[in-house]
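Input: a single structure, listed below in structure tokens.
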Amino acid sequence: MPDDLLILDGAHLTCADVASVAAGRRVGLAPGSRAQMVAASSGEAARSGHEVLAAKWSWLMGTPQGEGAQRIFIEGHCSGVGEPLPVPQVRAMMLVRANVLATGHTGCRPEAADLLIDMLNRGVTPVVPTHGDVGAAGSVPLAHMVYVACRYGGEAWVEGERLPASDAMRDLVEFAPTELEALSLINGSSFATALGALAVVRAEYVLSAFDAAAALSMETVRADSSALNAEAIEARRHPYAARVAERLRGWLSGSTLVDRRRDPDSFSIRCTPVVHGASWEALAHVRSVIDRELNGASDNPLLVSTGWVETGAFHGAPVALVMDHLRASLTVVAGISERRTFRLTYGKLSGLPSFLVEGSGVDSGLMLAQYTAASLVSEAKGLSHPASVDNVPTVQHHEDHVSMASVASRAALEVVDILADVAAIELLCGAQGVDLRMQAGETPGAGSRTWWEAVRARVTVWTADRTLHPDLEAVGAAVREGVFRVQP
Amino acid sequence: MADPLVLDGCSLTLDDVVAVARRGRSVALCDASRARMERSYAWVQRAVAGEVVDQHGDVLPVYGVNTGYGSLARERIPMSQACELSWNLIRSHAAGVGPSLPLDAVRAMMLLRANTLAKGASGCRIALVELIIEMLCRGVTPVVPSRGSCGSSGDLAPLAHLGLVLFEGPSGEDGGGEAWFEGERLPAVEAMRRAGLSRLVPGPKEGLAVTNGAQLTTAITALVVEDARALVLDAEIAAAMTWEALRGVRRALHPSVQALRPYPGAIACAANLRALLEGSTLVDSVPSRVQDAYSLRCAPQVMGAVRDAITYAARQVRIELNSVTDNPVILVDEDDPNKAHSAGLFHGEPVGFAADHLKLALVELASLSERRVYRLTTGALSSRLPPLLPAPGRPSLGLMMPQTTAASLVAACRQRAYPNSADTLPTCEDQEDHVAMSTTAARRASEILDMARRVVAIELYAAMRGVSWRAQESGSPGPAMGAVYERLIGHCEGAPGSVVEHLSQTMAAGGLRDEVHAHCTLQEVPDA
């Protein structure tokens with residue numbers, strides 16, 4: 001994690017930044033953004049903003065404005081239910097919302113962003129329930145965040161302790177939002193976007209691990225590397241497939257195992273660059289949308305050069321669609337990986353002992369590793385059902401189309417986590433296969449050997465049955481830490 | 001503390017499962033089971049000793065006793081390695097990953113495994129069942145990862161994690177398992193020591209005896225069935241409150257109407273709604289209204305179908321609770337020197353179907369309930385209740401966001417409702433070429449139940465708020481709904497999420513059903 005301050009300017013926030021702040025990095029506000037926010041929240045902008053807001057506010061509240069209206073408004077949005085979200089997810093959301101404010105289009109004073117930044121830097125993390133957001137307009141998770149930030153109520157985590165908001169916020173500068181600020185702090189898809197950013201970073205680690213695992217599998221089954229031929233791959237014109245093939249060629253270079261020309265390999269081996277490449281391309285698209293959204297003014301109304309405008313800029317559809325896409329595209333790669341794992345553990349298909357263990361049947365070897373991979377892939381398939389295609393009309397048919405982006409993003413994080421173990425299992429089986437090949441005097445490519453070493457640094461070769469679970473845990477943790485990360 | 005539940009392999013009920021899993025009821029083993037277990041155990045010992053031979057005098061292969069596992073059944077294992085074979089199975093099959101299962105699911109799984117072994121067809125020692133029972137009684141609960149089971153040939157990985165706590169190796173080796181004891185997560189060896197229990201060295205076939213069968217699938221599904229049976233009654237109470245708030249028309253609930261399309265669930269649902277609304281002067285009070293919207297009028301049809309689906313699932317689970325799920329099974333009374341029959345009794349499909357069907361039913365229960373919340377909060381649809389149902393007498397956003405939250409929960413339920421049983425992947429060198437994926441179905445059903453309960457709680461919240469506004473008008477709720485209202489309306493202040501959680505917890509604890517009990521008798525969802 002970078003230990004320098006991350007400066008928010010409403011324009012340059014990336015998925016990796018979100019992950020770093022989720023993990024504890026400190027944050028600051030760019031002077032330029034501060035000036036923009038001051039301009040947008042004072043003078044004529046403030047006066048006209050107040051007029052726009054007055055109409056909207058009375059529609060929303062159905063009551064005259066007045067003292068305490070902000071509190072009523074925020075508290076009314078605290079309808080989340082279920083287990084509290086993990087602290088990193090809440091931190092990511094706080095950061096993303098602060099950056100939206102830093103765009104200068106929301107009319108918030110810089111103090112609103114300062115408040116969230118101060119909480120991030122002091123490790124005050126609101127307790128936010130998991131369920132309840134539809135990813136359009138008034139955001140339930142953001143409301144729970146603001147409830148604590150403005151000391152209206154709720155609870156927050158501080159150094160692992162769950163405290164009432166007033167205690168947790170005791171040492172911070174007090175902040176009383178204007179009506180516009182109360183609305184602006186919660187009106188957007190920042191929750192789904194924040195989770196999406198974390199999912200992108202984690203998905204990249206997992207997808208990288210699938211590439212590394214494929215190299216070990218190709219070594220193990222003595223793949224015919226003509227399937228990686230640069231000219232042939234480029235003739236198909238998919239750039240990410242070409243990159244995967246290039247990586248694999250590099251890793252397999254110098255191997256005595258591959259290139260023994262015979263019958264063509266099975267699809268799960270031969271089509272690796274095409275399938276993995278398609279998923280890398282999907283991830284690149286997902287990342288580009290999330291990166292944009294991280295710096296987009298997801299709020300309503302918005303201040304533009306001609307004044308305040310009422311728009312639909314809060315709708316989470318862009319995020320929902322890519323989060324659905326991310327799940328499906330990662331699950332496809334996990335599906336081909338599981339078939340390679342099946343092949344590695346299948347004596348007749350791998351040319352190695354069944355379940356990659358020498359012996360007479362007293363040892364089951366890595367038999368169950370493949371079962372677990374099959375179960376995980378199947379679970380991910382189920383969770384790949386799209387959330388964005390659903391809609392439930394809300395708020396008296398005024399908010400009659402919503403995005404379900406938060407459902408899509410939460411499921412994406414879950415699927416990425418599930419599939420990390422599928423990659424770990426192929427790595428485990430592939431490393432075991434390479435060991436058996438090396439015992440027979442063969443040599444893998446130098447790049448493959450690096451991945452083999454990364455596995456062996458954590459897990460010893462399987463010679464006789466032992467408890468499998470710790471091996472899965474150790475390699476799974478390495479996948480999640482990004483040990484197998486490559487440049488997309 | 002109630003008398004111990006006596007396991008005989010034949011008479012375990014859903015209520016027993018809940019009592020042991022959640023209320024700590026103690027367990028014992030019946031004598032008849034001991035006798036049956038003794039005989040099948042004795043036969044396995046003969047097989048291990050090489051005394052079970054064919055007509056040529058050759059030792060018969062018995063799967064998993066003197067052969068390898070899965071596709072390795074082609075390999076013969078020397079008798080001297082029979083125990084090692086079992087110990088290896090436990091360790092190499094402990095392949096679960098992901099977050100740990102909740103304690104009640106693990107306890108239910110242990111109970112079910114003990115009961116299936118009590119049928120005496122597995123050839124394991126009585127001491128093995130006694131040890132599982134003692135762990136239940138003393139509160140040693142294995143740490144079992146939630147992911148990674150295919151449900152065929154059973155919940156191998158989750159049950160192997162139980163095996164890591166039950167067993168130690170032939171030389172006293174520890175398999176690295178963990179268990180909860182008195183709130184602490186401990187190494188298995190330490191948890192068992194603190195509980196005063198000694199671990200066993202697995203005997204021949206005992207690895208299979210512990211792991212073959214979909215007990216985790218069934219355990220979770222059993223708990224969901226019981227929770228769903230309760231939730232349906234709570235949903236009927238919440239729906240009745242909506243009827244009161246919206247001045248619904250009762251004619252759709254008439255028994256003669258329901259008899260024309262006689263689904264048992266619909267008939268029971270309509271009867272319950274009638275009973276709950278007895279004495280109300282809010283209902284049937286709008287002379288001009290001929291019929292209500294579907295979310296009210298079709299409640300017996302939709303919620304009745306939900307009831308019937310739960311009954312189907314309950315029946316499947318009840319059969320499974322008292323089934324042998326092992327492989328091979330030892331049939332000591334058969335007139336055949338080879339008493340071991342390799343079969344497919346472990347396959348999780350029958351329970352996986354039930355779990356998938358439960359998912360569908362619970363999604364629809366939630367979906368219908370959400371539409372009533374929408375109606376209650378939409379000014380144009382709510383028989384002149386104030387739009388969004390603000391609290392009487394002071395400014396508020398009303399229940400705008402709880403309805404949104406209900407919409408979100410319904411979408412999340414739907415997103416997870418994909419039928420896991422519809423999927424399979426070949427495993428074990430194509431020997432296990434069709435698996436159930438039933439465990440995933442059960443876990444999803446449990447998640448959907450938790451979300452559906454919150455939706456019903458939101459309906460109750462909105463409907464009570466609606467009834468509050470009727471206080472200034474003519475008419476009043478019947479005694480049953482009046483009692484629920486009086487008991488809970490005082491808990492409807494503060495941030496709406498907290499209100500919903502409170503109502504949800506009250507429902508889960510039986511508070512709603514208790515409240516109406518004094519006024520009417522509700523028909524439960526039959527469990528068979």
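Residues in the structure tokens are numbered from 1 in each chain, the chains being A, B, ... in the order shown, and ligands are numbered from 1 in the order shown.
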
Margin query: At a cut-off of 10 Å, using only C-alpha atoms, what residues contact range 232-236 of chain B? Leave out same-chain residues fewer than 6 positions from it and give the result as a PyMOL selection string.
Written below: chain B and resi 242+269-270+272-273+276+299-300+303-304+306-307+310+362+365-366+368-369+452-453+455-457+459-460+504+507-508+510-513+522-525

Using only C-alpha atoms, find each residue in chain B having at least one atom no more than 6 Å away from chain A; report its shortest atom-to-atom pair and that distance in Å (one decimal), rows by chain then rising number, as a tab-separated table.
```
residue	atom	partner	partner_atom	distance
B:Gly68	CA	A:Gly361	CA	4.6
B:Leu72	CA	A:Gly361	CA	5.6
B:Glu75	CA	A:Gly361	CA	5.5
B:Leu85	CA	A:Val362	CA	5.3
B:Asn88	CA	A:Asp465	CA	5.5
B:Arg91	CA	A:Thr467	CA	4.0
B:Ser92	CA	A:Leu468	CA	5.2
B:His93	CA	A:Leu368	CA	5.5
B:Ala94	CA	A:His469	CA	5.6
B:Ala95	CA	A:His469	CA	4.9
B:Gly148	CA	A:Thr372	CA	4.2
B:Ser149	CA	A:Ser375	CA	5.7
B:Cys150	CA	A:Ser375	CA	5.1
B:Thr378	CA	A:Gln396	CA	4.6
B:Ser396	CA	A:Ile72	CA	5.9
B:Leu397	CA	A:Gly76	CA	5.4
B:Met400	CA	A:Val395	CA	5.8
B:Met401	CA	A:His77	CA	5.6
B:Pro402	CA	A:Ser79	CA	5.5
B:Thr404	CA	A:Thr394	CA	5.7
B:Thr405	CA	A:Gly132	CA	3.9
B:Ala407	CA	A:Val392	CA	5.6
B:Ser408	CA	A:Val134	CA	5.1
B:Ala412	CA	A:Val407	CA	5.8
B:Gln415	CA	A:Ala387	CA	5.6
B:Tyr418	CA	A:Gly382	CA	5.4
B:Thr427	CA	A:Tyr371	CA	5.9
B:Glu429	CA	A:Tyr346	CA	4.9
B:Ala495	CA	A:Glu75	CA	5.4
B:Pro496	CA	A:Ser79	CA	4.8
B:Gly497	CA	A:Ser79	CA	3.7
```

Checklist line | Shortest interatomic distance to His491 in chain B - which of B:Tyr263, B:Tyr461, B:Tyr41, B:Phe167, counting only C-alpha atoms | finding: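 Counting only C-alpha atoms, the residue closest to His491 in chain B is B:Tyr461.
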
Next item on the list: Run DSSP on the backbone of this structure and report the residues of range 229-416 of chain A it assigns to helix (DSSP H, G or I), as a count of residues only.
Entry: 112

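Of note, CA of Glu155 in chain A and CA of Gln70 in chain A are spaced 18.5 Å apart.
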
Margin query: Using Å and a single decimal, report how far CA of Cys271 in chain A sits from CA of Pro239 in chain A.
Written below: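 It comes out at 14.7 Å.
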
Item checked: Nearest to Asp336 in chain B by atom-to-atom distance, counting only C-alpha atoms, from B:Val52, B:Val143, B:Leu89, B:Cys492 ->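 Among B:Val52, B:Val143, B:Leu89, B:Cys492, it is B:Val52 that comes nearest to Asp336 in chain B.
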
Checklist line | Nearby residues (only C-alpha atoms) at most 12 Å from Ser184 in chain A, same-chain spacing under 2 positions excluded, as a ChimeraX atom specification | finding: /A:49,53,57,70,73-74,97-98,100-102,104-109,112-113,137-139,142-143,146,177-182,186-190,297-303,313-314

Quick one: write out the picked residues with C-alpha atoms as a PDB file, in the first residue's frame?
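Generated output (out_36.pdb):
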```
ATOM      1  CA  GLY A  49     -29.083  26.321  -5.586  1.00  0.00           C
ATOM      2  CA  LEU A  53     -33.512  22.842  -3.516  1.00  0.00           C
ATOM      3  CA  TRP A  57     -37.025  19.537  -0.683  1.00  0.00           C
ATOM      4  CA  GLN A  70     -31.694  17.566   7.408  1.00  0.00           C
ATOM      5  CA  PHE A  73     -34.169  13.528   5.811  1.00  0.00           C
ATOM      6  CA  ILE A  74     -31.020  11.535   6.573  1.00  0.00           C
ATOM      7  CA  ARG A  97     -18.368  10.023  -2.172  1.00  0.00           C
ATOM      8  CA  ALA A  98     -15.737  12.536  -1.091  1.00  0.00           C
ATOM      9  CA  VAL A 100     -17.755  13.075  -6.125  1.00  0.00           C
ATOM     10  CA  LEU A 101     -18.059  16.158  -3.931  1.00  0.00           C
ATOM     11  CA  ALA A 102     -14.574  17.193  -5.080  1.00  0.00           C
ATOM     12  CA  GLY A 104     -17.315  20.783  -7.716  1.00  0.00           C
ATOM     13  CA  HIS A 105     -20.630  20.079  -9.405  1.00  0.00           C
ATOM     14  CA  THR A 106     -22.585  19.225  -6.290  1.00  0.00           C
ATOM     15  CA  GLY A 107     -22.656  22.572  -4.546  1.00  0.00           C
ATOM     16  CA  CYS A 108     -21.245  21.205  -1.308  1.00  0.00           C
ATOM     17  CA  ARG A 109     -18.846  23.236   0.741  1.00  0.00           C
ATOM     18  CA  ALA A 112     -18.401  18.274   3.528  1.00  0.00           C
ATOM     19  CA  ALA A 113     -15.504  16.525   1.789  1.00  0.00           C
ATOM     20  CA  ALA A 137     -31.035   8.364  -6.167  1.00  0.00           C
ATOM     21  CA  GLY A 138     -31.166   8.390  -2.380  1.00  0.00           C
ATOM     22  CA  SER A 139     -28.613   5.863  -1.262  1.00  0.00           C
ATOM     23  CA  LEU A 142     -24.565   6.650   2.120  1.00  0.00           C
ATOM     24  CA  ALA A 143     -27.331   7.745   4.489  1.00  0.00           C
ATOM     25  CA  VAL A 146     -23.923  10.562   6.920  1.00  0.00           C
ATOM     26  CA  PRO A 177     -25.036  20.154   6.460  1.00  0.00           C
ATOM     27  CA  THR A 178     -27.175  22.572   4.505  1.00  0.00           C
ATOM     28  CA  GLU A 179     -30.249  21.063   2.923  1.00  0.00           C
ATOM     29  CA  LEU A 180     -28.435  20.780  -0.387  1.00  0.00           C
ATOM     30  CA  GLU A 181     -25.504  19.093   1.291  1.00  0.00           C
ATOM     31  CA  ALA A 182     -27.722  16.603   3.068  1.00  0.00           C
ATOM     32  CA  ILE A 186     -26.399  10.626  -0.258  1.00  0.00           C
ATOM     33  CA  ASN A 187     -27.686  11.118  -3.800  1.00  0.00           C
ATOM     34  CA  GLY A 188     -25.692   8.811  -6.071  1.00  0.00           C
ATOM     35  CA  SER A 189     -24.287   5.418  -6.857  1.00  0.00           C
ATOM     36  CA  SER A 190     -21.068   5.776  -4.865  1.00  0.00           C
ATOM     37  CA  ALA A 297     -20.626  13.737 -10.731  1.00  0.00           C
ATOM     38  CA  SER A 298     -23.133  11.175  -9.537  1.00  0.00           C
ATOM     39  CA  ASP A 299     -25.599  13.523  -7.912  1.00  0.00           C
ATOM     40  CA  ASN A 300     -28.691  15.601  -8.548  1.00  0.00           C
ATOM     41  CA  PRO A 301     -29.192  18.521  -9.052  1.00  0.00           C
ATOM     42  CA  LEU A 302     -25.870  19.406 -10.680  1.00  0.00           C
ATOM     43  CA  LEU A 303     -24.255  22.796 -11.081  1.00  0.00           C
ATOM     44  CA  ALA A 313     -26.933  11.453 -13.041  1.00  0.00           C
ATOM     45  CA  PHE A 314     -27.401   9.326  -9.933  1.00  0.00           C
TER      46      PHE A 314
END
```

Note to self: At a cut-off of 9 Å, using only C-alpha atoms, what residues contact Glu204 in chain A? Leave out same-chain residues fewer than 3 positions from it and give the result as a list in words.
What the structure shows: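 Everything that qualifies: Ala199, Val200, Val201, Leu207, Ser208, Ala209, Trp280, Leu283, Gly482, Arg485, Val486 and Pro488 of chain A.
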
Pull N, CA and C atoms from the residues just selected and write them as a PDB file, in the first residue's frame.
```pdb
ATOM      1  N   ALA A 199     -13.786  -4.678  -6.517  1.00  0.00           N
ATOM      2  CA  ALA A 199     -13.948  -5.913  -7.296  1.00  0.00           C
ATOM      3  C   ALA A 199     -12.987  -5.928  -8.485  1.00  0.00           C
ATOM      4  N   VAL A 200     -12.799  -4.770  -9.123  1.00  0.00           N
ATOM      5  CA  VAL A 200     -11.889  -4.700 -10.278  1.00  0.00           C
ATOM      6  C   VAL A 200     -10.463  -5.062  -9.859  1.00  0.00           C
ATOM      7  N   VAL A 201     -10.023  -4.469  -8.752  1.00  0.00           N
ATOM      8  CA  VAL A 201      -8.643  -4.733  -8.307  1.00  0.00           C
ATOM      9  C   VAL A 201      -8.475  -6.203  -7.957  1.00  0.00           C
ATOM     10  N   LEU A 207      -7.612 -13.001 -12.145  1.00  0.00           N
ATOM     11  CA  LEU A 207      -7.429 -13.304 -13.570  1.00  0.00           C
ATOM     12  C   LEU A 207      -5.949 -13.565 -13.869  1.00  0.00           C
ATOM     13  N   SER A 208      -5.083 -12.799 -13.248  1.00  0.00           N
ATOM     14  CA  SER A 208      -3.642 -13.042 -13.403  1.00  0.00           C
ATOM     15  C   SER A 208      -3.305 -14.457 -12.957  1.00  0.00           C
ATOM     16  N   ALA A 209      -3.868 -14.855 -11.831  1.00  0.00           N
ATOM     17  CA  ALA A 209      -3.564 -16.185 -11.293  1.00  0.00           C
ATOM     18  C   ALA A 209      -4.052 -17.276 -12.236  1.00  0.00           C
ATOM     19  N   TRP A 280     -10.022 -10.807 -20.009  1.00  0.00           N
ATOM     20  CA  TRP A 280      -9.177  -9.625 -19.772  1.00  0.00           C
ATOM     21  C   TRP A 280      -9.774  -8.396 -20.445  1.00  0.00           C
ATOM     22  N   LEU A 283     -12.579  -7.200 -18.416  1.00  0.00           N
ATOM     23  CA  LEU A 283     -12.111  -6.486 -17.215  1.00  0.00           C
ATOM     24  C   LEU A 283     -11.644  -5.076 -17.576  1.00  0.00           C
ATOM     25  N   GLY A 482      -2.323 -10.989  -4.598  1.00  0.00           N
ATOM     26  CA  GLY A 482      -1.749 -10.500  -5.846  1.00  0.00           C
ATOM     27  C   GLY A 482      -0.372 -11.064  -6.156  1.00  0.00           C
ATOM     28  N   ARG A 485       0.188 -11.611  -9.817  1.00  0.00           N
ATOM     29  CA  ARG A 485      -0.277 -10.503 -10.642  1.00  0.00           C
ATOM     30  C   ARG A 485       0.613 -10.295 -11.870  1.00  0.00           C
ATOM     31  N   VAL A 486      -0.019 -10.054 -13.011  1.00  0.00           N
ATOM     32  CA  VAL A 486       0.701  -9.721 -14.239  1.00  0.00           C
ATOM     33  C   VAL A 486       0.181  -8.385 -14.752  1.00  0.00           C
ATOM     34  N   PRO A 488      -1.831  -6.431 -17.301  1.00  0.00           N
ATOM     35  CA  PRO A 488      -2.849  -6.806 -18.283  1.00  0.00           C
ATOM     36  C   PRO A 488      -2.411  -6.436 -19.690  1.00  0.00           C
TER      37      PRO A 488
END
```

Item checked: d(CA of Ala361 in chain B, CA of Glu278 in chain B) in Å ->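 CA of Glu278 in chain B lies 27.3 Å from CA of Ala361 in chain B.
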
Check: Which polymer residues have any atom within 10 Å of an atom of range 220-232 of chain A, counting only C-alpha atoms, with same-chain residues fewer than 5 positions away left out, as a ChimeraX atom specification?
Finding: /A:214-215,237,241-249,252-253,255-266,269-274,340,343-344,349-352,429-438,444

Next item on the list: Write out as a VMD selection string each polymer residue whose atoms come within 10 Å of range 180-189 of chain B, counting only C-alpha atoms; drop sequence neighbours fewer than 3 positions from it.
Entry: chain B and resid 103 135 138 to 143 162 164 to 168 174 to 177 192 to 195 197 to 199

For the residues in the current selection, export N, CA and C atoms as a PDB file, in the first residue's frame.
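Contents of selection_39.pdb, as written:
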```
ATOM      1  N   LEU B 103     -23.058 -22.050  13.478  1.00  0.00           N
ATOM      2  CA  LEU B 103     -23.022 -23.200  14.385  1.00  0.00           C
ATOM      3  C   LEU B 103     -24.252 -24.083  14.254  1.00  0.00           C
ATOM      4  N   MET B 135     -20.184 -34.787  21.467  1.00  0.00           N
ATOM      5  CA  MET B 135     -19.792 -33.452  20.998  1.00  0.00           C
ATOM      6  C   MET B 135     -21.002 -32.520  20.965  1.00  0.00           C
ATOM      7  N   ARG B 138     -21.954 -31.713  24.668  1.00  0.00           N
ATOM      8  CA  ARG B 138     -20.997 -30.868  25.403  1.00  0.00           C
ATOM      9  C   ARG B 138     -20.659 -29.580  24.650  1.00  0.00           C
ATOM     10  N   GLY B 139     -21.205 -29.436  23.445  1.00  0.00           N
ATOM     11  CA  GLY B 139     -21.016 -28.176  22.730  1.00  0.00           C
ATOM     12  C   GLY B 139     -19.695 -28.023  22.024  1.00  0.00           C
ATOM     13  N   VAL B 140     -19.148 -29.114  21.507  1.00  0.00           N
ATOM     14  CA  VAL B 140     -17.966 -29.008  20.643  1.00  0.00           C
ATOM     15  C   VAL B 140     -18.461 -28.966  19.200  1.00  0.00           C
ATOM     16  N   THR B 141     -18.238 -27.838  18.524  1.00  0.00           N
ATOM     17  CA  THR B 141     -18.777 -27.672  17.181  1.00  0.00           C
ATOM     18  C   THR B 141     -17.639 -27.422  16.197  1.00  0.00           C
ATOM     19  N   PRO B 142     -17.412 -28.364  15.284  1.00  0.00           N
ATOM     20  CA  PRO B 142     -16.309 -28.186  14.335  1.00  0.00           C
ATOM     21  C   PRO B 142     -16.432 -26.898  13.520  1.00  0.00           C
ATOM     22  N   VAL B 143     -15.293 -26.328  13.186  1.00  0.00           N
ATOM     23  CA  VAL B 143     -15.254 -25.207  12.244  1.00  0.00           C
ATOM     24  C   VAL B 143     -15.303 -25.815  10.845  1.00  0.00           C
ATOM     25  N   LEU B 162     -15.665 -32.221   9.843  1.00  0.00           N
ATOM     26  CA  LEU B 162     -16.135 -32.837  11.096  1.00  0.00           C
ATOM     27  C   LEU B 162     -15.191 -33.973  11.486  1.00  0.00           C
ATOM     28  N   LEU B 164     -12.094 -34.265  10.955  1.00  0.00           N
ATOM     29  CA  LEU B 164     -10.811 -33.768  11.491  1.00  0.00           C
ATOM     30  C   LEU B 164     -10.894 -33.521  12.996  1.00  0.00           C
ATOM     31  N   VAL B 165     -12.112 -33.303  13.497  1.00  0.00           N
ATOM     32  CA  VAL B 165     -12.275 -33.095  14.937  1.00  0.00           C
ATOM     33  C   VAL B 165     -12.518 -34.435  15.640  1.00  0.00           C
ATOM     34  N   LEU B 166     -13.302 -35.299  15.009  1.00  0.00           N
ATOM     35  CA  LEU B 166     -13.638 -36.602  15.597  1.00  0.00           C
ATOM     36  C   LEU B 166     -12.420 -37.514  15.736  1.00  0.00           C
ATOM     37  N   PHE B 167     -11.548 -37.426  14.737  1.00  0.00           N
ATOM     38  CA  PHE B 167     -10.518 -38.454  14.591  1.00  0.00           C
ATOM     39  C   PHE B 167      -9.118 -37.917  14.812  1.00  0.00           C
ATOM     40  N   GLU B 168      -8.236 -38.856  15.163  1.00  0.00           N
ATOM     41  CA  GLU B 168      -6.799 -38.612  15.083  1.00  0.00           C
ATOM     42  C   GLU B 168      -6.198 -39.775  14.304  1.00  0.00           C
ATOM     43  N   ASP B 174      -2.492 -35.329  14.571  1.00  0.00           N
ATOM     44  CA  ASP B 174      -3.605 -34.382  14.490  1.00  0.00           C
ATOM     45  C   ASP B 174      -3.779 -33.954  13.041  1.00  0.00           C
ATOM     46  N   GLY B 175      -5.023 -33.903  12.607  1.00  0.00           N
ATOM     47  CA  GLY B 175      -5.289 -33.540  11.217  1.00  0.00           C
ATOM     48  C   GLY B 175      -5.402 -32.046  10.998  1.00  0.00           C
ATOM     49  N   GLY B 176      -5.284 -31.268  12.053  1.00  0.00           N
ATOM     50  CA  GLY B 176      -5.312 -29.816  11.882  1.00  0.00           C
ATOM     51  C   GLY B 176      -6.700 -29.204  11.871  1.00  0.00           C
ATOM     52  N   GLY B 177      -7.702 -29.946  12.367  1.00  0.00           N
ATOM     53  CA  GLY B 177      -9.053 -29.382  12.414  1.00  0.00           C
ATOM     54  C   GLY B 177      -9.187 -28.361  13.526  1.00  0.00           C
ATOM     55  N   MET B 192     -11.514 -30.714  22.173  1.00  0.00           N
ATOM     56  CA  MET B 192     -11.958 -32.022  22.663  1.00  0.00           C
ATOM     57  C   MET B 192     -11.401 -32.276  24.069  1.00  0.00           C
ATOM     58  N   ARG B 193     -10.185 -31.854  24.313  1.00  0.00           N
ATOM     59  CA  ARG B 193      -9.593 -32.047  25.636  1.00  0.00           C
ATOM     60  C   ARG B 193     -10.386 -31.260  26.685  1.00  0.00           C
ATOM     61  N   ARG B 194     -10.693 -30.001  26.348  1.00  0.00           N
ATOM     62  CA  ARG B 194     -11.433 -29.188  27.315  1.00  0.00           C
ATOM     63  C   ARG B 194     -12.821 -29.761  27.582  1.00  0.00           C
ATOM     64  N   ALA B 195     -13.402 -30.382  26.545  1.00  0.00           N
ATOM     65  CA  ALA B 195     -14.743 -30.963  26.721  1.00  0.00           C
ATOM     66  C   ALA B 195     -14.663 -32.335  27.382  1.00  0.00           C
ATOM     67  N   LEU B 197     -13.301 -35.080  26.071  1.00  0.00           N
ATOM     68  CA  LEU B 197     -13.561 -36.144  25.097  1.00  0.00           C
ATOM     69  C   LEU B 197     -12.262 -36.625  24.463  1.00  0.00           C
ATOM     70  N   SER B 198     -12.218 -37.932  24.177  1.00  0.00           N
ATOM     71  CA  SER B 198     -11.063 -38.509  23.494  1.00  0.00           C
ATOM     72  C   SER B 198     -11.421 -38.771  22.048  1.00  0.00           C
ATOM     73  N   ARG B 199     -10.504 -38.458  21.174  1.00  0.00           N
ATOM     74  CA  ARG B 199     -10.757 -38.688  19.753  1.00  0.00           C
ATOM     75  C   ARG B 199     -10.523 -40.153  19.409  1.00  0.00           C
TER      76      ARG B 199
END
```

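Considering the residues A:Ala92, A:Ala317, A:Val124, A:Ala334 and counting only C-alpha atoms, Leu13 in chain A has its shortest atom-to-atom contact with A:Ala92.
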
Next item on the list: Could you give me, as a list of chain:residue names, the residues within 9 Å of Val27 in chain A, counting only C-alpha atoms and dropping anything in the same chain fewer than 2 positions from it?
Entry: A:Asp4, A:Leu5, A:Leu6, A:Ile7, A:Leu8, A:Val21, A:Arg25, A:Leu29, A:Leu95, A:Ile117, A:Asp118, A:Leu120, A:Asn121

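With only C-alpha atoms as the atoms that count, the minimum distance from Gly352 in chain B to the choices B:Glu432, B:Glu320, B:Asp58, B:Asp326 is reached by B:Glu320.
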